[in-house]
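Data file: upload.cif. Format and content: mmCIF, C-alpha atoms and all ligand atoms.
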```cif
data_protein
loop_
_atom_site.label_atom_id
_atom_site.label_comp_id
_atom_site.auth_asym_id
_atom_site.auth_seq_id
_atom_site.Cartn_x
_atom_site.Cartn_y
_atom_site.Cartn_z
CA MET A 1 -27.57 -7.55 -29.91
CA THR A 2 -26.20 -8.38 -26.51
CA GLU A 3 -22.96 -10.24 -26.56
CA CYS A 4 -22.76 -13.08 -24.13
CA VAL A 5 -19.13 -13.26 -23.08
CA PRO A 6 -18.20 -14.43 -19.60
CA PRO A 7 -16.60 -11.61 -17.63
CA PRO A 8 -12.80 -11.86 -17.36
CA TRP A 9 -12.99 -11.57 -13.61
CA ARG A 10 -15.36 -12.32 -10.79
CA ALA A 11 -15.93 -9.99 -7.94
CA ALA A 12 -16.95 -10.46 -4.35
CA ALA A 13 -17.07 -8.60 -1.10
CA VAL A 14 -18.26 -5.33 -2.54
CA THR A 15 -18.13 -2.33 -0.26
CA ALA A 16 -19.95 0.75 -1.47
CA LEU A 17 -19.56 4.10 0.20
CA ARG A 18 -20.25 7.73 -0.41
CA THR A 19 -17.78 10.36 0.75
CA HIS A 20 -18.19 14.08 1.04
CA GLY A 21 -14.88 15.89 0.58
CA GLU A 22 -11.37 14.58 0.12
CA ASP A 23 -10.73 14.10 3.83
CA GLU A 24 -13.51 11.53 4.03
CA THR A 25 -12.09 9.70 1.02
CA ARG A 26 -8.66 9.65 2.64
CA ARG A 27 -10.09 8.38 5.91
CA ALA A 28 -12.06 5.63 4.15
CA ALA A 29 -8.88 4.58 2.32
CA ALA A 30 -6.91 4.60 5.57
CA ARG A 31 -9.49 2.25 7.12
CA PHE A 32 -9.36 0.00 4.06
CA SER A 33 -5.54 -0.06 4.27
CA ARG A 34 -5.70 -2.08 7.50
CA ARG A 35 -6.72 -5.16 5.59
CA LEU A 36 -3.90 -4.93 3.05
CA LEU A 37 -1.22 -7.61 3.17
CA PRO A 38 2.21 -7.95 1.54
CA GLY A 39 1.84 -8.49 -2.21
CA ASP A 40 -1.66 -7.00 -2.44
CA VAL A 41 -2.53 -4.92 -5.49
CA VAL A 42 -5.11 -2.11 -5.49
CA ALA A 43 -6.35 -1.15 -8.96
CA LEU A 44 -7.94 2.30 -9.03
CA HIS A 45 -10.45 3.24 -11.70
CA GLY A 46 -12.28 6.50 -12.24
CA GLU A 47 -12.31 9.63 -14.36
CA LEU A 48 -9.84 12.49 -13.96
CA GLY A 49 -10.29 14.16 -10.60
CA THR A 50 -12.50 11.51 -8.99
CA GLY A 51 -9.97 11.06 -6.18
CA LYS A 52 -7.69 8.15 -7.06
CA THR A 53 -4.61 9.96 -5.76
CA ARG A 54 -6.52 11.04 -2.63
CA PHE A 55 -7.37 7.39 -2.03
CA VAL A 56 -3.71 6.38 -2.31
CA GLN A 57 -2.82 9.21 0.07
CA GLY A 58 -5.24 7.70 2.56
CA ILE A 59 -3.63 4.27 2.21
CA ALA A 60 -0.22 5.87 2.82
CA GLU A 61 -1.60 7.65 5.89
CA GLY A 62 -3.06 4.39 7.13
CA PHE A 63 0.36 2.75 6.73
CA GLY A 64 2.00 5.62 8.59
CA VAL A 65 4.10 6.80 5.63
CA ALA A 66 5.60 10.15 6.58
CA HIS A 67 5.99 11.49 3.03
CA ARG A 68 3.13 13.15 1.24
CA VAL A 69 1.98 11.08 -1.70
CA THR A 70 1.79 13.03 -4.94
CA SER A 71 0.82 11.86 -8.37
CA PRO A 72 3.81 10.16 -10.02
CA THR A 73 2.64 11.28 -13.44
CA PHE A 74 6.07 11.70 -14.92
CA THR A 75 7.81 8.85 -13.17
CA LEU A 76 5.24 6.06 -13.61
CA ILE A 77 6.21 4.60 -10.22
CA GLN A 78 6.87 6.15 -6.85
CA GLU A 79 7.98 4.18 -3.81
CA TYR A 80 7.13 5.07 -0.22
CA ALA A 81 8.99 3.31 2.56
CA GLY A 82 8.76 3.74 6.30
CA GLY A 83 5.15 2.63 6.73
CA ARG A 84 3.62 -0.65 7.92
CA LEU A 85 4.32 -2.07 4.44
CA PRO A 86 6.29 -0.68 1.49
CA LEU A 87 3.92 1.22 -0.79
CA PHE A 88 4.35 1.41 -4.55
CA HIS A 89 2.26 3.93 -6.45
CA PHE A 90 1.83 3.54 -10.21
CA ASP A 91 0.09 6.16 -12.33
CA LEU A 92 -0.49 4.84 -15.83
CA TYR A 93 -2.29 7.87 -17.24
CA ARG A 94 0.52 8.59 -19.68
CA ILE A 95 1.44 5.06 -20.58
CA ASP A 96 1.14 4.25 -24.28
CA ASP A 97 1.77 0.55 -24.18
CA PRO A 98 1.64 -1.90 -21.24
CA ARG A 99 5.00 -3.21 -22.45
CA GLU A 100 6.59 -0.08 -20.96
CA LEU A 101 5.86 -1.70 -17.63
CA GLU A 102 7.87 -4.75 -18.56
CA GLU A 103 10.83 -2.50 -19.30
CA ILE A 104 10.76 -1.06 -15.80
CA GLY A 105 10.42 -4.45 -14.14
CA TYR A 106 6.91 -3.97 -12.78
CA GLU A 107 6.76 -7.58 -11.53
CA GLU A 108 9.25 -6.80 -8.79
CA TYR A 109 6.72 -4.41 -7.33
CA LEU A 110 3.56 -6.36 -8.00
CA PHE A 111 4.83 -9.68 -6.79
CA GLY A 112 7.01 -8.30 -4.01
CA GLU A 113 6.44 -7.78 -0.33
CA GLY A 114 4.80 -4.38 -0.55
CA VAL A 115 1.40 -3.10 -1.61
CA THR A 116 1.00 -1.71 -5.13
CA CYS A 117 -1.64 0.92 -5.93
CA ILE A 118 -2.29 1.53 -9.62
CA GLU A 119 -4.12 4.59 -10.97
CA TRP A 120 -5.65 4.07 -14.43
CA ALA A 121 -5.21 0.34 -13.88
CA GLU A 122 -7.26 -0.45 -16.99
CA ARG A 123 -4.23 0.73 -19.03
CA MET A 124 -2.27 -2.18 -17.69
CA GLY A 125 -4.09 -4.58 -19.99
CA ASP A 126 -3.53 -8.21 -19.16
CA LEU A 127 -0.54 -7.45 -16.95
CA LEU A 128 -2.89 -7.01 -14.00
CA PRO A 129 -2.44 -9.92 -11.60
CA ASP A 130 -5.08 -12.62 -11.17
CA ARG A 131 -6.26 -11.26 -7.85
CA TYR A 132 -6.53 -7.68 -6.76
CA TYR A 133 -8.72 -5.11 -5.06
CA ARG A 134 -10.68 -3.09 -7.56
CA VAL A 135 -11.56 0.41 -6.40
CA MET A 136 -13.95 2.39 -8.56
CA LEU A 137 -14.51 6.11 -7.93
CA ARG A 138 -17.36 8.08 -9.46
CA PHE A 139 -18.57 11.66 -9.14
CA GLY A 140 -21.63 12.06 -6.95
CA GLU A 141 -24.49 14.51 -7.00
CA ASN A 142 -22.63 17.41 -5.40
CA ASP A 143 -19.15 18.71 -6.20
CA GLU A 144 -17.57 17.13 -3.17
CA ASP A 145 -19.44 13.82 -3.28
CA ARG A 146 -17.81 10.66 -4.51
CA LEU A 147 -19.23 7.16 -4.82
CA ILE A 148 -16.61 4.54 -4.14
CA THR A 149 -16.84 0.79 -4.49
CA ILE A 150 -14.18 -1.60 -3.33
CA GLU A 151 -14.30 -5.19 -4.44
CA LYS A 152 -12.05 -8.17 -4.51
CA ALA A 153 -11.57 -9.18 -8.12
CA GLU A 154 -10.28 -12.50 -9.33
CA ALA A 155 -9.57 -13.51 -12.90
CA ALA A 156 -11.88 -16.27 -14.06
CA SER A 157 -8.78 -18.24 -15.02
CA ALA A 158 -7.60 -18.10 -11.41
CA SER A 159 -10.75 -19.71 -10.07
CA GLY A 160 -10.55 -22.84 -8.08
CA GLY A 161 -12.21 -21.74 -4.93
CA ARG A 162 -14.76 -19.33 -3.71
CA LEU A 163 -13.74 -15.78 -3.00
CA GLU A 164 -13.65 -14.94 0.66
CA GLY A 165 -16.26 -12.70 2.12
CA GLY A 166 -15.14 -9.29 3.19
CA ASP A 167 -15.69 -6.84 5.96
CA ARG A 168 -16.30 -3.15 5.78
CA PRO A 169 -13.20 -0.99 5.38
N1 LIG B 201 -15.17 13.29 -1.84
C1 LIG B 201 -13.99 13.57 -2.43
N2 LIG B 201 -13.04 12.62 -2.50
C2 LIG B 201 -11.87 12.86 -3.12
N3 LIG B 201 -11.54 14.02 -3.71
C3 LIG B 201 -12.44 15.01 -3.67
C4 LIG B 201 -13.71 14.82 -3.03
N4 LIG B 201 -14.40 15.98 -3.15
C5 LIG B 201 -13.63 16.82 -3.82
N5 LIG B 201 -12.45 16.26 -4.15
C6 LIG B 201 -11.41 16.91 -4.93
O1 LIG B 201 -11.24 16.19 -6.14
C7 LIG B 201 -9.88 16.17 -6.51
C8 LIG B 201 -9.40 14.74 -6.61
O2 LIG B 201 -8.11 14.78 -7.11
P1 LIG B 201 -7.19 13.51 -7.32
O3 LIG B 201 -5.87 14.02 -7.79
O4 LIG B 201 -7.22 12.65 -6.11
O5 LIG B 201 -7.98 12.77 -8.50
P2 LIG B 201 -7.44 11.62 -9.45
O6 LIG B 201 -8.58 10.70 -9.64
O7 LIG B 201 -6.16 11.09 -8.91
O8 LIG B 201 -7.17 12.41 -10.80
P3 LIG B 201 -6.18 12.05 -12.00
O9 LIG B 201 -6.92 11.13 -12.91
O10 LIG B 201 -5.90 13.37 -12.61
O11 LIG B 201 -4.94 11.42 -11.42
C9 LIG B 201 -9.13 16.97 -5.47
O12 LIG B 201 -9.01 18.29 -5.92
C10 LIG B 201 -10.04 16.90 -4.25
O13 LIG B 201 -9.92 18.01 -3.39
MG MG B 202 -4.24 10.94 -9.70
#
```
Final structure tokens representation of the file:
Amino acid sequence: MTECVPPPWRAAAVTALRTHGEDETRRAAARFSRRLLPGDVVALHGELGTGKTRFVQGIAEGFGVAHRVTSPTFTLIQEYAGGRLPLFHFDLYRIDDPRELEEIGYEEYLFGEGVTCIEWAERMGDLLPDRYYRVMLRFGENDEDRLITIEKAEAASASGGRLEGGDRP
């Protein structure tokens, strides 16, 4: 039987691209980074090794962050200053309970003046904000191929207007 439940979020402005090799993924992310504004959240979804960290590296490069972005697996959050906007990088792979985020004051990042990128964003549960960019990475046909979609997601509860159209990253 098919359940008929309204989706918890609506999506618009989908960009779909295929990259070959990590450099192309980083460049695509750097182009996408130009449209990011203070307070924006980028939720990254995709299996292990699909390129979520590479995508965040590209955003950092687009911002002009001098430090190399690595996976903050053991720290949960890493901050990168010195770019066009402050960049906060969450990696929730090892999180057991979204409440751990409350303990570290995640709202200060999410609702602050920087841009927050979240790997394994689905582990955040309902702490994800009402509006965010949803980036989905999938393996492609060949080893170095990745299929990437970028969409603007908005919680159904946050509706009240149409989502804006988007441009290509
Ligand atoms: N088109 C591509 N885009 C991105 N990465 C690629 C691509 N082709 C090959 N790769 C390789 O895939 C790996 C992606 O690693 P990355 O750490 O970014 O993945 P991840 O999604 O962050 O994984 P994890 O879930 O472990 O954090 C790298 O080794 C990179 O060189
Ligand atoms: Mg990673």
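The shortest atom-to-atom distance to Asp97 in chain A, with all atoms listed in the file taken into account, belongs to A:Gly125 out of A:Gly51, A:Gly21, A:Gly125, A:Pro38.
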Do you know which residues are within 7 Å of ligand MG 202 (chain B) using only C-alpha atoms and all ligand atoms? Can you write them as a compact mmCIF listing (two decimals) with C-alpha atoms, in the frame of the given file?
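Below is the file result-v3.txt, written as the result:
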```txt
# COMPACT_ATOMS: atom_id res chain seq x y z
CA GLY A 49 -10.29 14.16 -10.60
CA GLY A 51 -9.97 11.06 -6.18
CA LYS A 52 -7.69 8.15 -7.06
CA THR A 53 -4.61 9.96 -5.76
CA SER A 71 0.82 11.86 -8.37
CA ASP A 91 0.09 6.16 -12.33
CA GLU A 119 -4.12 4.59 -10.97
```
Taking all atoms listed in the file into account, which residues have an atom no farther than 10 Å from ligand LIG 201 (chain B)? I'd like them as an MDAnalysis selection string. chainID A and resid 18:28 44:57 70:73 91:93 119:120 136:140 142:148
Straight-line distance linking CA of Glu108 in chain A with CA of Asp126 in chain A, stated in Å to one decimal: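 CA of Asp126 in chain A lies 16.5 Å from CA of Glu108 in chain A.
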CA of Ala155 in chain A and CA of Val115 in chain A are how many Å apart? 18.9 Å
Go ahead and compute the interatomic distance for CA of Ala60 in chain A and CA of Ile150 in chain A, in Å to one decimal.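 Computing it gives 17.0 Å between the two atoms.
Taking all atoms listed in the file into account, Met124 in chain A lies nearest to A:Leu76 out of the set A:Val69, A:Ala12, A:Leu87, A:Leu76.
With all atoms listed in the file as the basis for measurement, A:Leu127 is the residue among A:Leu127, A:Ala153, A:Ala29, A:Ala13 that approaches Arg99 in chain A most closely.
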Report, as JSON, the axis-aligned box around all atoms of range 66-79 of chain A present in the file, extended by 5 Å on each side; give centre and edge lengths in Å to one decimal place.
```
{"center_x": 4.4, "center_y": 8.7, "center_z": -4.2, "size_x": 17.2, "size_y": 19.0, "size_z": 31.5}
```
Determine the nearest neighbour of Ile118 in chain A from the options A:Phe63, A:Phe32, A:Phe90, A:Tyr106, counting only C-alpha atoms.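 So, comparing all the options, the nearest one is A:Phe90.
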Gly39 in chain A: which residues within 9 Å, counting all atoms listed in the file, same-chain residues fewer than 5 positions away excluded, as a count of residues only? 8
Write out N, CA and C atoms for range 48-61 of chain A, as an mmCIF file, in the coordinates of the input.
```
data_model
loop_
_atom_site.group_PDB
_atom_site.id
_atom_site.type_symbol
_atom_site.label_atom_id
_atom_site.label_comp_id
_atom_site.auth_asym_id
_atom_site.auth_seq_id
_atom_site.Cartn_x
_atom_site.Cartn_y
_atom_site.Cartn_z
ATOM 1 N N LEU A 48 -10.738 11.451 -14.470
ATOM 2 C CA LEU A 48 -9.840 12.490 -13.960
ATOM 3 C C LEU A 48 -10.511 13.228 -12.798
ATOM 4 N N GLY A 49 -9.794 13.345 -11.703
ATOM 5 C CA GLY A 49 -10.290 14.160 -10.600
ATOM 6 C C GLY A 49 -11.317 13.483 -9.697
ATOM 7 N N THR A 50 -11.521 12.179 -9.863
ATOM 8 C CA THR A 50 -12.500 11.510 -8.990
ATOM 9 C C THR A 50 -11.893 11.221 -7.611
ATOM 10 N N GLY A 51 -10.573 11.231 -7.508
ATOM 11 C CA GLY A 51 -9.970 11.060 -6.180
ATOM 12 C C GLY A 51 -9.069 9.845 -6.021
ATOM 13 N N LYS A 52 -8.559 9.336 -7.131
ATOM 14 C CA LYS A 52 -7.690 8.150 -7.060
ATOM 15 C C LYS A 52 -6.435 8.457 -6.232
ATOM 16 N N THR A 53 -5.823 9.611 -6.513
ATOM 17 C CA THR A 53 -4.610 9.960 -5.760
ATOM 18 C C THR A 53 -4.961 10.206 -4.294
ATOM 19 N N ARG A 54 -6.104 10.831 -4.025
ATOM 20 C CA ARG A 54 -6.520 11.040 -2.630
ATOM 21 C C ARG A 54 -6.664 9.691 -1.928
ATOM 22 N N PHE A 55 -7.192 8.719 -2.618
ATOM 23 C CA PHE A 55 -7.370 7.390 -2.030
ATOM 24 C C PHE A 55 -6.006 6.778 -1.683
ATOM 25 N N VAL A 56 -5.050 6.922 -2.591
ATOM 26 C CA VAL A 56 -3.710 6.380 -2.310
ATOM 27 C C VAL A 56 -3.077 7.142 -1.141
ATOM 28 N N GLN A 57 -3.324 8.429 -1.070
ATOM 29 C CA GLN A 57 -2.820 9.210 0.070
ATOM 30 C C GLN A 57 -3.362 8.647 1.373
ATOM 31 N N GLY A 58 -4.628 8.271 1.352
ATOM 32 C CA GLY A 58 -5.240 7.700 2.560
ATOM 33 C C GLY A 58 -4.612 6.372 2.935
ATOM 34 N N ILE A 59 -4.310 5.550 1.929
ATOM 35 C CA ILE A 59 -3.630 4.270 2.210
ATOM 36 C C ILE A 59 -2.272 4.558 2.840
ATOM 37 N N ALA A 60 -1.546 5.518 2.280
ATOM 38 C CA ALA A 60 -0.220 5.870 2.820
ATOM 39 C C ALA A 60 -0.362 6.355 4.262
ATOM 40 N N GLU A 61 -1.380 7.166 4.517
ATOM 41 C CA GLU A 61 -1.600 7.650 5.890
ATOM 42 C C GLU A 61 -1.913 6.483 6.814
#
```
